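Engineer: First the structure, which I've put down as structure tokens, then a few questions once you've had a look.
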Amino acid sequence: MSEIDSLKAQLQDLQDKALALFADAADLKALQALRVAYLGKKGELTSVLKGVGKLPPQDRPVIGQFVNATKSVLAEALDKAESLLASKEKEARIDAERIDVTLSGRTSETGALHPVQQGLHEMTAIFAQMGFAMAEGPEIEDEFHNFDALNIPAEHPARANHDTFFFDIEGTADTKLLRTHTSPVQIRAMQACVDAGGEPPLAVVAAGRVYRCDYDVTHSPMFHQVEVFKVDKDVSLAHLKGVLQHFLSAYFEKDVPIRLRPHYFPFTEPSAEVDIGCVFCNHKGCRICKGSGWIEVLGSGMIHPNVLKAVGIDSSIYSGFAFGLGVERLVMLKHGIPDLRLFFENDVRFLRRMGA
Amino acid sequence: MKIPFSWLKEHCPIEKTPQEVADDLVRLGHEVEGIETPRAGVKGVRVGHIVEMKPHPDADKLKLLKIDLGDVEHLSIVCGASNMKAGDKVPVATVGTSLPNGLKIKKGKIRGEVSFGMCCSEAELGLAEDADGLLILPKDAPVGEEVGEYLELEEAVLDLDITPNRGDCMSLRGIARDLAADYALPLIEPGDEVVATDDSVAAPTVAIAASEDCPLYTACKIEGVKVSASPEWLQARLIAAGLRPINGVVDVINYTMLDLGQPMHAFDADTLDGNITVRTAKAGETFTSLEGKNVSLHDEDLVIADDKHVIALAGIMGSEPTGVTDKTSNIILESAAFRPARISITRRTCGLVSDSSMRFERGVDPAMIAVAMDQVAQMIVSLFGGQVSAITVVGDTDSLIKDTQIQVNMQRIESRLGIEVPKTADAVLERMGFGIEHDGDTLNFSVPSHRPDVRLAEDISEEYARVIGFDNIPAMMPTLTTIQPSKVDTGITDAVRLGFVQVINYAFISKAEQRLFVAEDDKDLVLPNPISEAMSVMRRSMFPSLLNTAKYNMNRQQTGVALVEQGRIYTGPLDEHTETNMLAWLITGDVQPDTWYAKSRKADFFDLKGAIESWLQGRGLTARFMADDGVLGLQAGQTAKIFIGKSVAGYIGKVDGDLADGFDLSDDVFVASINLDVLHTGKKAKFQPIPEFPSIERDLVFLFDKGVTSDAILQTVRKACGQQFVDASIFDLYDGQGVPEGKVSLGIRFVLQDAKRTLTQEDSDKVMQAVIDAVATKFKAELRG
Ligand SMILES: [Zn+2]
């Protein structure tokens with residue numbers, strides 16, 4: 001065998017061995033070691049190349065080519081084996097990291113806004129967007145603001161309907177009581193405006209707790225009201241109707257029909273009770289609306305001239321509308337809550353279910 | 001106010017159905033609570049004529065009757081009653097009929113005698129609670145007719161809720177007037193026959209000593225009355241209208257009150273001592289009500305008195321001893337006007353309400369005083385006999401029933417209603433009794449005596465709105481002046497985001513619970529008439545109601561609760577009380593359930609503190625917590641005052657263990673309260689560039705004496721760090737093995753940064769050395785390991 005043939009055979013042998021080793025390599029680390037062992041500066045191929053120097057010069061290019069070919073075969077094989085192993089190793093890792101995606105997530109306990117609070121937020125937001133400013137007043141009121149200024153003098157039969165919690169003997173303007181409605185805020189807001197030397201327009205929304213000495217299945221001694229009023233030149237009953245229609249449709253998130261029925265409140269003239277088309281039967285008539293298709297939701301009217309007079313606003317120049325609504329009642333209607341008492345039992349199972 | 005439909009038709013020839021009339025009443029402003037047919041369900045009970053009555057051969061108390069029902073054969077009925085005789089007409093329930101009490105009539109044999117039905121009492125027909133014997137029908141009752149139809153038992157009764165301003169509508173006539181005007185039908189006037197008087201009967205002598213409160217008092221005497229029960233038809237009407245029949249005279253008065261709206265009163269003349277005076281009560285006088293209640297009178301009470309006693313609370317009720325009974329033979333009738341406000345005051349101070357006071361308080365039409373007097377006197381005489389005296393009248397009738405004049409500007413009315421008033425409206429108002437004269441844009445209104453509620457131009461606008469119909473008023477959006485819309489407060493929403501459930505509790509609690517957290521009661525605001533002792537004082541602490549809510553829930557399958565309430569606390573004294581807006585928190589029990597990734601854990605102080613810190617951060621505020629051992633109800637060593645700047649913003653702490661036990665709460669309970677009124681909103685966030693140069697983190701671990709607060713340590717190290725300080729926090733806390741007794745190992749992590757350059761190792765070494773020196777000086781604390 002010529003020198004060249006033996007070198008060729010040696011190279012072929014080396015290549016076969018190497019390829020077999022590459023194929024058997026267990027991991028990327030072993031493969032890296034093989035790369036160094038064969039293709040490194042001190043690797044097998046290099047040492048074969050060293051032997052090339054002993055060949056006659058005319059043979060050197062031949063064997064050089066042969067060595068380079070072997071080198072590229074091995075490099076290619078290494079790259080292939082490497083990427084194969086890499087993807088195998090990734091697959092193994094993915095397998096190892098497999099989880100049960102149906103296990104519950106890591107959560108923290110969520111809270112819940114009380115449904116009455118949600119109602120208050122929704123309602124006041126609608127009025128705030130319409131340009132009504134927020135106001136508040138004390139819950140421990142005096143007779144003047146709760147009754148007298150609202151055209152309900154002491155002997156007025158309407159007082160009897162208020163089931164008032166008095167702190168003191170009833171009958172003087174500064175006798176203290178728990179406010180029976182949010183209407184005294186109307187008085188305070190108008191007084192504040194006049195006292196500051198201002199004059200209407202005034203557009204105010206006030207919300208808060210009110211109290212009645214009445215406690216049974218359908219009455220709570222404490223509940224919430226929202227009071228809305230506007231005083232300006234040329235405010236009319238038609239405006240009241242427009243605002244009510246907008247508010248009730250916005251709150252119930254649908255076009256609800258409304259009906260105004262003439263009624264009597266001492267602090268408004270004309271006065272109207274407001275019904276909405278029953279939300280349970282879509283105005284067709286059901287047990288809840290007693291077959292009428294209507295459900296009463298609030299009381300309203302044009303502010304009585306005596307009320308404006310009580311706060312020093314000239315009723316020959318200004319007029320206004322006002323209405324007050326029971327928050328619990330509207331929330332019950334919107335969410336189908338059957339029992340008023342649920343609101344104040346504060347069972348967290350109820351609150352979480354209703355809570356946003 | 002209950003309106004039997006047939007009675008209504010006597011005042012106005014209505015042809016609509018009860019349901020249609022109800023709808024129209026609603027449109028006119030009268031709330032209809034319902035339409036009842038109270039005694040429907042006596043079908044099959046017919047008018048029977050007793051043609052023969054024999055004793056039962058085998059039973060003393062039973063009778064054998066032959067009854068003519070107008071059919072070919074007479075019915076045989078065995079009957080146990082004793083008040084009937086042959087020739088009487090009685091209600092007969094035939095076989096197959098179901099009575100209102102549920103009894104079903106079958107053919108039966110009683111002691112060997114066959115019975116084909118049953119003769120009925122008022123109780124069996126559902127006309128009365130109980131009854132002695134059969135209901136004997138009037139002689140002219142048509143044989144065979146359904147008793148229900150004959151007695152108009154099946155008619156509809158409209159149940160109205162009359163508003164307090166419409167005293168005129170607390171009568172059949174008043175309701176009929178509104179309907180007649182709306183329907184353009186005539187209102188049938190009461191008969192104008194004047195009762196025949198007899199000069200031999202002396203008219204009562206009356207003096208009015210309180211003419212402002214009683215502008216008109218009329219009275220007459222009727223002698224020789226034989227009081228008995230009122231006739232069936234009258235009783236049936238009273239029952240249908242919701243009143244109980246009492247005796248003939250009282251029934252006639254009540255009937256007339258319902259009919260015409262004028263409440264009257266009858267005294268037994270023989271029980272009176274001297275003349276009648278209308279006056280205010282004298283100190284020490286008492287009054288015995290019809291229910292036998294003894295009332296001490298006040299000097300503002302208006303009374304009717306004889307020479308010795310108070311015989312009636314004017315317009316409310318007569319006294320028990322002077323009332324008309326079956327034994328009365330001479331009566332004095334009263335028909336008068338009383339000032340509404342006065343009746344209202346007396347009604348309230350005496351705590352006595354009546355159908356009469358309800359009407360006088362709301363305003364009674366003085367035009368009916370004489371009409372009602374005539375009607376009552378005539379009915380009494382025709383039903384129970386007697387001679388009527390002349391009628392004594394004290395006061396001026398004409399000035400009382402004069403129309404009131406009001407001038408109104410039509411433009412003002414139209415601007416108030418937002419609609420042009422149609423011409424047709426005037427005619428309706430005129431039929432209601434108003435007089436209207438147009439003078440250009442000015443309207444001259446005459447208001448009749450039955451509408452004392454109409455006094456202002458605005459009242460007229462309501463009358464127009466009513467007759468136009470609220471449905472016909474358009475809906476218009478007003479131009480709303482742009483006012484800065486207010487922000488809805490997010491305090492409670494933020495608290496809820498932190499995992500707390502919002503509750504809303506009553507603002508009143510029990511006095512005992514108040515004392516748990518507020519020692520002194522001198523600033524308590526006590527309700528004199530509470531719903532119950534548990535709701536008798538305005539809360540000065542939010543904690544008792546929260547503890548009750550926690551108790552309620554922990555008793556209902558909860559293992560832990562986190563609650564928050566926004567509300568007020570109320571502090572006396574009454575004449576200068578304060579209401580403070582509070583946000584109160586409570587946490588107890590498990591804060592974390594057992595899960596696949598974590599074990600359950602009980603709430604501690606830092607769960608609540610962390611929530612409050614996060615909440616404050618949301619408002620741009622930071623608080624300092626200072627230990628406070630002196631807070632009532634909270635445990636020393638686990639309680640802190642919360643400072644925002646220099647003001648106390650609230651408290652946080654562990655509820656005293658015994659106190660929590662009192663609420664059945666076995667786990668530790670932590671509460672906090674924040675005074676929302678002292679929180680000024682934090683500064684608005686101002687833009688700051690993101691630092692250009694990187695920050696460095698360094699850790700130091702020291703051994704401190706136990707009892708040194710982290711607040712003090714962090715303040716010290718912060719000062720020591722100087723300009724390059726960004727943050728310092730406790731990252732490790734250990735007092736286990738290897739840490740000497742009385743010491744605690746604290747790891748502090750620092751973040752340092754310089755605005756102008758990257759910090760080097762040497763820079764941070766310098767800062768750390770300054771920290772080590774400062775801590776050594778201030779706390780004698782050593783660097784650990
Ligand atoms: Zn319905």
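Chain labels run A, B, ... following the order of the structure tokens; each chain numbers its residues from 1, and ligands are numbered from 1 in the order shown.
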Any idea what's packed within 10 Å of Asp251 (chain B), counting only C-alpha atoms, ignoring anything in its chain fewer than 3 positions away? Could you give it as number ranges by chain?

Structural biologist: B: 229-231, 234-235, 238, 243-248, 254-257, 376, 380

Engineer: Enumerate residues in contact with ligand 1: an atom-to-atom distance of at most 9 Å, counting only C-alpha atoms and all ligand atoms. Format the result as a PyMOL selection string.

Structural biologist: chain A and resi 277-295

Engineer: Take the residues from that selection and put them in a file with C-alpha atoms, as a compact mmCIF listing (two decimals), in the first residue's frame.

Structural biologist:
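Dumped everything to result_0.txt:
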# COMPACT_ATOMS: atom_id res chain seq x y z
CA GLY A 277 -92.80 49.76 33.34
CA CYS A 278 -92.42 46.62 35.45
CA VAL A 279 -88.92 45.27 34.93
CA PHE A 280 -89.98 41.74 35.86
CA CYS A 281 -92.67 41.26 33.22
CA ASN A 282 -91.62 43.93 30.73
CA HIS A 283 -94.68 46.01 31.48
CA LYS A 284 -97.10 43.15 30.75
CA GLY A 285 -98.44 42.65 34.26
CA CYS A 286 -97.29 40.10 36.81
CA ARG A 287 -97.57 39.23 40.47
CA ILE A 288 -94.93 41.73 41.53
CA CYS A 289 -96.60 44.69 39.81
CA LYS A 290 -100.02 43.37 40.90
CA GLY A 291 -100.95 42.94 37.28
CA SER A 292 -100.74 46.65 36.51
CA GLY A 293 -97.48 46.53 34.56
CA TRP A 294 -96.22 49.51 36.58
CA ILE A 295 -93.94 49.73 39.58

Engineer: Grab the CA of Asp439 (chain B) to CA of Asn472 (chain B) distance for me, in Å with one decimal place.

Structural biologist: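 About the pair CA of Asp439 (chain B) and CA of Asn472 (chain B): they are 26.1 Å apart.
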
Engineer: Could you write out, as number ranges by chain, all the residues of region 690-723 of chain B that DSSP marks as strand (DSSP E or B)?

Structural biologist: B: 696-705

Engineer: Now that the selection is made, can you save its residues with N, CA, C and O atoms as a CSV table (one decimal), in the first residue's frame?

Structural biologist:
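Now in result_38.csv:
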chain,number,residue,atom,x,y,z
B,696,ILE,N,-27.8,50.7,43.5
B,696,ILE,CA,-27.1,49.6,44.1
B,696,ILE,C,-27.9,49.1,45.3
B,696,ILE,O,-28.5,49.9,46.0
B,697,GLU,N,-27.9,47.7,45.4
B,697,GLU,CA,-28.5,47.2,46.6
B,697,GLU,C,-27.5,46.6,47.5
B,697,GLU,O,-26.6,46.0,47.1
B,698,ARG,N,-27.6,47.0,48.8
B,698,ARG,CA,-26.7,46.4,49.9
B,698,ARG,C,-27.5,45.9,51.0
B,698,ARG,O,-28.5,46.5,51.4
B,699,ASP,N,-27.0,44.8,51.6
B,699,ASP,CA,-27.7,44.3,52.8
B,699,ASP,C,-26.8,44.4,54.0
B,699,ASP,O,-25.6,44.2,53.9
B,700,LEU,N,-27.4,44.7,55.2
B,700,LEU,CA,-26.7,44.6,56.4
B,700,LEU,C,-27.5,43.9,57.4
B,700,LEU,O,-28.7,44.1,57.5
B,701,VAL,N,-26.9,43.0,58.3
B,701,VAL,CA,-27.7,42.3,59.3
B,701,VAL,C,-27.1,42.8,60.7
B,701,VAL,O,-25.9,42.7,60.9
B,702,PHE,N,-28.0,43.2,61.6
B,702,PHE,CA,-27.6,43.7,62.9
B,702,PHE,C,-28.2,42.9,64.0
B,702,PHE,O,-29.3,42.3,63.8
B,703,LEU,N,-27.6,42.9,65.2
B,703,LEU,CA,-28.3,42.4,66.4
B,703,LEU,C,-28.8,43.6,67.2
B,703,LEU,O,-27.9,44.4,67.6
B,704,PHE,N,-30.1,43.7,67.3
B,704,PHE,CA,-30.6,44.8,68.0
B,704,PHE,C,-31.2,44.3,69.4
B,704,PHE,O,-31.6,43.1,69.5
B,705,ASP,N,-31.3,45.1,70.3
B,705,ASP,CA,-32.1,44.8,71.5
B,705,ASP,C,-33.5,44.7,71.1
B,705,ASP,O,-34.0,45.5,70.4

Engineer: Using only C-alpha atoms, determine which residues lie at most 8 Å from Arg339 (chain B), disregarding the query and same-chain residues fewer than 3 positions distant; provide the list as a list in words.

Structural biologist: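 In the requested form, the answer reads Glu212, Asp213, Cys214, Pro215, Arg342, Ile343, Phe360 and Glu361 of chain B.
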
Engineer: Pick out the closest residue to Thr639 (chain B) from this set: B:Arg177, B:Asp658, B:Ser171, B:Val671. Count only C-alpha atoms.

Structural biologist: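 Using only C-alpha atoms, the shortest distance to Thr639 (chain B) belongs to B:Val671.
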
Engineer: List as an MDAnalysis selection string the protein and nucleic acid residues near region 28-45 of chain A, meaning an atom at most 12 Å away when only C-alpha atoms are counted, but skip any in the same chain fewer than 3 places from it.

Structural biologist: chainID A and resid 7 10:15 17:25 48:52 64 66:90

Engineer: Mind listing the alpha helix (DSSP H) residues of region 366-414 of chain B, per DSSP on the backbone, as a ChimeraX atom specification?

Structural biologist: /B:368-384,397-400,410-414

Engineer: Figure out the distance between CA of Pro740 (chain B) and CA of Gln638 (chain B), please, to one decimal in Å.

Structural biologist: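 Computing the Euclidean distance for CA of Gln638 (chain B) and CA of Pro740 (chain B) yields 24.3 Å.
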
Engineer: Can you work out which one of A:Ala206, A:Ile94, A:Leu342, A:Val348 has the shortest atom-to-atom distance to chain B, counting only C-alpha atoms?

Structural biologist: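 With only C-alpha atoms as the atom set, the closest residue is A:Val348.
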